[in-house]
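Colleague: Contents are mmCIF, C-alpha atoms; file name upload-v1.cif:
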data_data
#
loop_
_atom_site.label_atom_id
_atom_site.label_comp_id
_atom_site.auth_asym_id
_atom_site.auth_seq_id
_atom_site.Cartn_x
_atom_site.Cartn_y
_atom_site.Cartn_z
CA MET A 1 85.10 89.11 84.87
CA ILE A 2 86.24 90.38 88.22
CA TYR A 3 83.69 91.37 90.84
CA SER A 4 84.83 92.42 94.27
CA THR A 5 83.21 94.29 97.12
CA ALA A 6 84.13 95.47 100.59
CA THR A 7 82.36 97.64 103.15
CA VAL A 8 83.78 99.38 106.23
CA PRO A 9 82.20 101.65 108.84
CA VAL A 10 83.15 105.29 108.35
CA ASN A 11 83.18 105.89 112.11
CA PRO A 12 84.46 102.86 114.00
CA GLU A 13 84.71 103.18 117.75
CA GLY A 14 87.76 105.09 118.90
CA GLU A 15 88.24 107.10 115.69
CA THR A 16 87.57 110.79 115.11
CA GLU A 17 84.05 110.98 113.75
CA LEU A 18 83.65 112.05 110.14
CA THR A 19 80.43 113.56 108.86
CA ARG A 20 79.06 112.43 105.52
CA ALA A 21 80.23 115.77 104.05
CA GLN A 22 83.78 115.24 105.35
CA ALA A 23 83.93 111.64 104.12
CA TRP A 24 82.57 112.83 100.77
CA GLU A 25 85.19 115.57 100.54
CA GLY A 26 87.86 112.93 101.14
CA LEU A 27 86.49 110.81 98.26
CA VAL A 28 86.46 113.83 95.93
CA LEU A 29 90.05 114.71 96.88
CA LYS A 30 91.07 111.10 96.23
CA ALA A 31 89.45 111.27 92.78
CA ARG A 32 91.29 114.51 91.98
CA ASP A 33 94.71 113.38 93.24
CA ALA A 34 95.29 109.75 94.18
CA ARG A 35 98.84 110.61 95.33
CA LEU A 36 97.36 112.08 98.53
CA PHE A 37 95.77 108.75 99.45
CA LEU A 38 97.99 105.97 98.12
CA PRO A 39 101.24 104.77 99.72
CA PRO A 40 104.25 106.93 98.74
CA GLY A 41 105.57 106.07 95.30
CA LEU A 42 102.57 103.96 94.24
CA CYS A 43 101.02 106.82 92.26
CA THR A 44 103.70 108.84 90.49
CA ARG A 45 101.40 111.02 88.35
CA CYS A 46 97.80 112.13 88.70
CA ASP A 47 96.55 114.97 86.50
CA VAL A 48 93.00 116.19 85.96
CA VAL A 49 92.85 116.83 82.19
CA GLU A 50 89.14 117.61 81.82
CA GLU A 51 86.48 118.74 84.25
CA SER A 52 82.77 119.57 84.32
CA SER A 53 80.13 119.85 87.03
CA SER A 54 79.35 116.11 86.80
CA HIS A 55 82.68 114.45 86.04
CA LEU A 56 86.38 114.74 85.56
CA VAL A 57 88.94 112.91 83.49
CA ARG A 58 92.25 112.07 85.05
CA GLU A 59 95.43 110.57 83.71
CA ALA A 60 97.56 108.79 86.26
CA THR A 61 100.39 106.37 86.67
CA ILE A 62 99.58 103.92 89.46
CA ALA A 63 101.78 100.92 90.23
CA GLY A 64 103.60 101.61 86.97
CA ASP A 65 100.42 101.45 84.87
CA ALA A 66 99.35 104.45 82.79
CA LEU A 67 95.60 105.00 83.25
CA ARG A 68 92.94 107.27 81.92
CA GLU A 69 89.79 107.36 84.03
CA ILE A 70 86.48 109.12 83.60
CA ILE A 71 85.26 109.83 87.12
CA THR A 72 81.62 110.67 87.79
CA PHE A 73 80.10 112.04 90.98
CA GLU A 74 76.72 111.51 92.59
CA PRO A 75 77.07 114.20 95.28
CA GLN A 76 77.42 113.00 98.86
CA SER A 77 76.87 109.42 97.68
CA LYS A 78 78.94 107.80 94.95
CA VAL A 79 82.17 108.20 92.97
CA THR A 80 82.54 105.96 89.91
CA PHE A 81 85.89 105.43 88.19
CA PHE A 82 85.40 104.23 84.60
CA GLN A 83 88.59 102.67 83.26
CA ALA A 84 88.96 104.34 79.85
CA SER A 85 92.50 103.05 79.27
CA GLY A 86 95.05 101.01 81.14
CA PRO A 87 95.25 97.34 82.08
CA ARG A 88 91.66 97.16 83.37
CA GLU A 89 88.30 97.89 81.77
CA GLY A 90 85.10 98.40 83.67
CA ALA A 91 84.10 100.44 86.70
CA ILE A 92 85.25 100.92 90.28
CA ILE A 93 82.73 102.48 92.67
CA ASN A 94 83.16 104.09 96.11
CA GLU A 95 79.80 104.64 97.82
CA LEU A 96 78.72 106.26 101.07
CA PHE A 97 75.49 104.94 102.59
CA GLU A 98 73.76 104.39 105.92
CA ASP A 99 73.23 100.82 107.08
CA ALA A 100 70.01 99.56 108.69
CA ASP A 101 71.09 101.08 112.03
CA GLY A 102 71.80 104.47 110.47
CA ALA A 103 75.60 104.13 110.72
CA LEU A 104 77.57 105.65 107.85
CA GLN A 105 79.38 103.04 105.73
CA LEU A 106 81.89 103.22 102.87
CA ARG A 107 81.55 100.52 100.24
CA PHE A 108 83.85 99.64 97.37
CA TYR A 109 82.73 97.46 94.51
CA CYS A 110 83.99 96.85 91.02
CA TYR A 111 83.16 95.08 87.80
CA LEU A 112 86.37 94.72 85.84
CA GLY A 113 88.08 92.77 83.14
CA LEU A 114 91.73 92.77 82.17
CA ARG A 115 92.39 94.10 78.68
CA GLY A 116 94.00 91.57 76.39
CA LYS A 117 93.73 88.73 78.91
CA GLU A 118 91.63 85.59 78.82
CA PRO A 119 88.30 86.11 80.62
CA ASN A 120 88.44 84.27 83.95
CA GLY A 121 91.98 83.22 83.05
CA PRO A 122 94.90 83.05 85.48
CA GLU A 123 95.59 86.81 85.41
CA GLU A 124 91.97 87.71 86.22
CA GLN A 125 91.85 85.04 88.92
CA ALA A 126 95.01 86.44 90.51
CA GLU A 127 93.54 89.97 90.37
CA GLN A 128 90.32 88.71 91.96
CA GLU A 129 92.27 87.07 94.79
CA LEU A 130 94.25 90.26 95.41
CA MET A 131 91.13 92.43 95.50
CA ASP A 132 89.44 90.08 97.94
CA SER A 133 92.52 89.72 100.17
CA ALA A 134 93.51 91.68 103.28
CA LYS A 135 95.74 93.80 101.01
CA GLY A 136 92.88 94.51 98.60
CA TYR A 137 90.26 97.17 98.47
CA ARG A 138 89.12 96.80 102.09
CA SER A 139 92.55 98.07 103.14
CA ALA A 140 92.23 100.86 100.54
CA LEU A 141 88.93 101.95 102.12
CA LEU A 142 90.51 102.00 105.57
CA SER A 143 93.51 103.98 104.36
CA THR A 144 91.21 106.45 102.56
CA LEU A 145 89.33 107.11 105.79
CA LYS A 146 92.58 107.36 107.76
CA ARG A 147 94.01 109.88 105.30
CA THR A 148 90.73 111.85 105.35
CA ARG A 149 91.02 112.10 109.15
CA GLU A 150 94.65 113.25 108.82
CA LEU A 151 93.66 115.95 106.31
CA LEU A 152 90.82 117.05 108.63
CA ALA A 153 93.19 117.27 111.62
CA ALA A 154 95.64 119.32 109.53
CA GLY A 155 92.88 121.74 108.52
CA ARG A 156 93.11 120.73 104.86
CA LEU A 157 89.60 119.31 104.59
#
Would it be possible to restate this file's structure as structure tokens?
Modeller:
Amino acid sequence: MIYSTATVPVNPEGETELTRAQAWEGLVLKARDARLFLPPGLCTRCDVVEESSSHLVREATIAGDALREIITFEPQSKVTFFQASGPREGAIINELFEDADGALQLRFYCYLGLRGKEPNGPEEQAEQELMDSAKGYRSALLSTLKRTRELLAAGRL
């Protein structure tokens, strides 16, 4: 089983301040179309195939892997990506919250396994190391906030 977590401040010193509503809108846009937030070419397809007031289902190709995700929303708070098909099974969560000092934070955490692979085997261990590394989900959180600021500056948020 893979468990990873990372937390970053939404408004570090020197950056354009994002409100909770703006940060939330960025997370919703990312859920609807990952291509807007991932490095060019990493996500080659991202289609919403079902939608309701509480969730959406998207089919995407990310890093060459075909995925189907059920994405649920807890407004202004949490987006959960359930891995319905693809190489991973489990959930990936992006959560907005205030820390003890009242500063807005963005947290990523996941509970995942790799389909068809030995639990805690070499593939899962390698995935765990990647997620916990500087190139893992902490960098994804930072790039999500950066892209949200860019969309805000361009009047698209």
Colleague: Check what the PyMOL selection byres ((chain A and resi 67) around 8) selects in the file above and give those residues as a list in words.
Modeller: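 Output from the PyMOL selection byres ((chain A and resi 67) around 8), applied to this file: Glu59, Ala60, Thr61, Ile62, Asp65, Ala66, Arg68, Glu69, Gln83, Ala84, Ser85, Gly86 and Pro87 of chain A.
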Colleague: Would you mind exporting the chosen residues as a PDB file, in the coordinates of the input, restricted to C-alpha atoms?
Modeller:
ATOM      1  CA  GLU A  59      95.430 110.570  83.710  1.00  0.00           C
ATOM      2  CA  ALA A  60      97.560 108.790  86.260  1.00  0.00           C
ATOM      3  CA  THR A  61     100.390 106.370  86.670  1.00  0.00           C
ATOM      4  CA  ILE A  62      99.580 103.920  89.460  1.00  0.00           C
ATOM      5  CA  ASP A  65     100.420 101.450  84.870  1.00  0.00           C
ATOM      6  CA  ALA A  66      99.350 104.450  82.790  1.00  0.00           C
ATOM      7  CA  ARG A  68      92.940 107.270  81.920  1.00  0.00           C
ATOM      8  CA  GLU A  69      89.790 107.360  84.030  1.00  0.00           C
ATOM      9  CA  GLN A  83      88.590 102.670  83.260  1.00  0.00           C
ATOM     10  CA  ALA A  84      88.960 104.340  79.850  1.00  0.00           C
ATOM     11  CA  SER A  85      92.500 103.050  79.270  1.00  0.00           C
ATOM     12  CA  GLY A  86      95.050 101.010  81.140  1.00  0.00           C
ATOM     13  CA  PRO A  87      95.250  97.340  82.080  1.00  0.00           C
TER      14      PRO A  87
END
Colleague: When the PyMOL selection byres ((chain A and resi 97) around 9) is applied to the structure above, which residues does it catch, written out as a VMD selection string?
Modeller: chain A and resid 20 77 to 78 95 to 96 98 to 99 102 to 107
Colleague: Give me, please, the distance in Å between CA of Pro119 in chain A and CA of Ser4 in chain A, quoted to one decimal.
Modeller: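 Spanning CA of Pro119 in chain A to CA of Ser4 in chain A is a straight-line distance of 15.4 Å.
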Colleague: Carefully work through the PyMOL selection byres ((chain A and resi 22) around 10) for this structure and note down the residues it includes, as a list in words.
Modeller: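 Applied to this file, the PyMOL selection byres ((chain A and resi 22) around 10) selects Glu17, Leu18, Thr19, Arg20, Ala21, Ala23, Trp24, Glu25, Gly26, Leu27, Val28, Gln76, Leu145, Thr148, Arg149, Leu151, Leu152 and Leu157 of chain A.
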Colleague: May I have the selected residues written with C-alpha atoms, as a PDB file, in the frame of the given file?
Modeller:
ATOM      1  CA  GLU A  17      84.050 110.980 113.750  1.00  0.00           C
ATOM      2  CA  LEU A  18      83.650 112.050 110.140  1.00  0.00           C
ATOM      3  CA  THR A  19      80.430 113.560 108.860  1.00  0.00           C
ATOM      4  CA  ARG A  20      79.060 112.430 105.520  1.00  0.00           C
ATOM      5  CA  ALA A  21      80.230 115.770 104.050  1.00  0.00           C
ATOM      6  CA  ALA A  23      83.930 111.640 104.120  1.00  0.00           C
ATOM      7  CA  TRP A  24      82.570 112.830 100.770  1.00  0.00           C
ATOM      8  CA  GLU A  25      85.190 115.570 100.540  1.00  0.00           C
ATOM      9  CA  GLY A  26      87.860 112.930 101.140  1.00  0.00           C
ATOM     10  CA  LEU A  27      86.490 110.810  98.260  1.00  0.00           C
ATOM     11  CA  VAL A  28      86.460 113.830  95.930  1.00  0.00           C
ATOM     12  CA  GLN A  76      77.420 113.000  98.860  1.00  0.00           C
ATOM     13  CA  LEU A 145      89.330 107.110 105.790  1.00  0.00           C
ATOM     14  CA  THR A 148      90.730 111.850 105.350  1.00  0.00           C
ATOM     15  CA  ARG A 149      91.020 112.100 109.150  1.00  0.00           C
ATOM     16  CA  LEU A 151      93.660 115.950 106.310  1.00  0.00           C
ATOM     17  CA  LEU A 152      90.820 117.050 108.630  1.00  0.00           C
ATOM     18  CA  LEU A 157      89.600 119.310 104.590  1.00  0.00           C
TER      19      LEU A 157
END
Colleague: If I take CA of Thr80 in chain A and CA of Ile93 in chain A, how far is one from the other in Å, to one decimal?
Modeller: 4.4 Å
Colleague: Calculate how many Å separate CA of Met131 in chain A from CA of Ala63 in chain A, rounding to one decimal.
Modeller: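 Calculated distance between CA of Met131 in chain A and CA of Ala63 in chain A is 14.6 Å.
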Colleague: Taking all atoms listed in the file into account, which of A:Ile2, A:Arg58, A:Gly121, A:Gly155 comes nearest Ala91 in chain A?
Modeller: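 Closest to Ala91 in chain A, using all atoms listed in the file: A:Ile2.
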Colleague: Counting only C-alpha atoms, which of A:Ser133, A:Thr16, A:Asn94, A:Thr44 gets nearest to Lys146 in chain A?
Modeller: A:Thr16
Colleague: Pick out the closest residue to Phe81 in chain A from this set: A:Val10, A:Gly64, A:Val57, A:Ala140. Count all atoms listed in the file.
Modeller: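 Of the candidates, the smallest distance to Phe81 in chain A is held by A:Val57.
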Colleague: For a quick check of understanding, using only C-alpha atoms, which of A:Thr72, A:Thr5, A:Pro122, A:Cys110 has the smallest distance to Arg88 in chain A?
Modeller: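 Result for the nearest residue to Arg88 in chain A: A:Cys110.
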Colleague: For the point (94.1, 102.5, 100.4) in file coordinates, what residues are within 12 Å, counting all atoms listed in the file? Give the answer as a list in words?
Modeller: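 Residues with an atom close enough to that point: Leu27, Lys30, Ala34, Arg35, Leu36, Phe37, Leu38, Pro39, Pro40, Leu42, Cys43, Asn94, Phe108, Met131, Ala134, Lys135, Gly136, Tyr137, Arg138, Ser139, Ala140, Leu141, Leu142, Ser143, Thr144, Leu145, Lys146, Arg147 and Thr148 of chain A.
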Colleague: Pick out the closest residue to Ala126 in chain A from this set: A:Val48, A:Leu56, A:Leu114, A:Ala153. Count all atoms listed in the file.
Modeller: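 Once distances to Ala126 in chain A are computed over all atoms listed in the file, the minimum belongs to A:Leu114.
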Colleague: List the spatial neighbours of His55 in chain A as JSON, numbers by chain - criterion: any atom at most 9 Å away, only C-alpha atoms, same-chain residues fewer than 4 positions off excluded.
Modeller: {"A": [50, 51, 70, 71, 72, 73]}
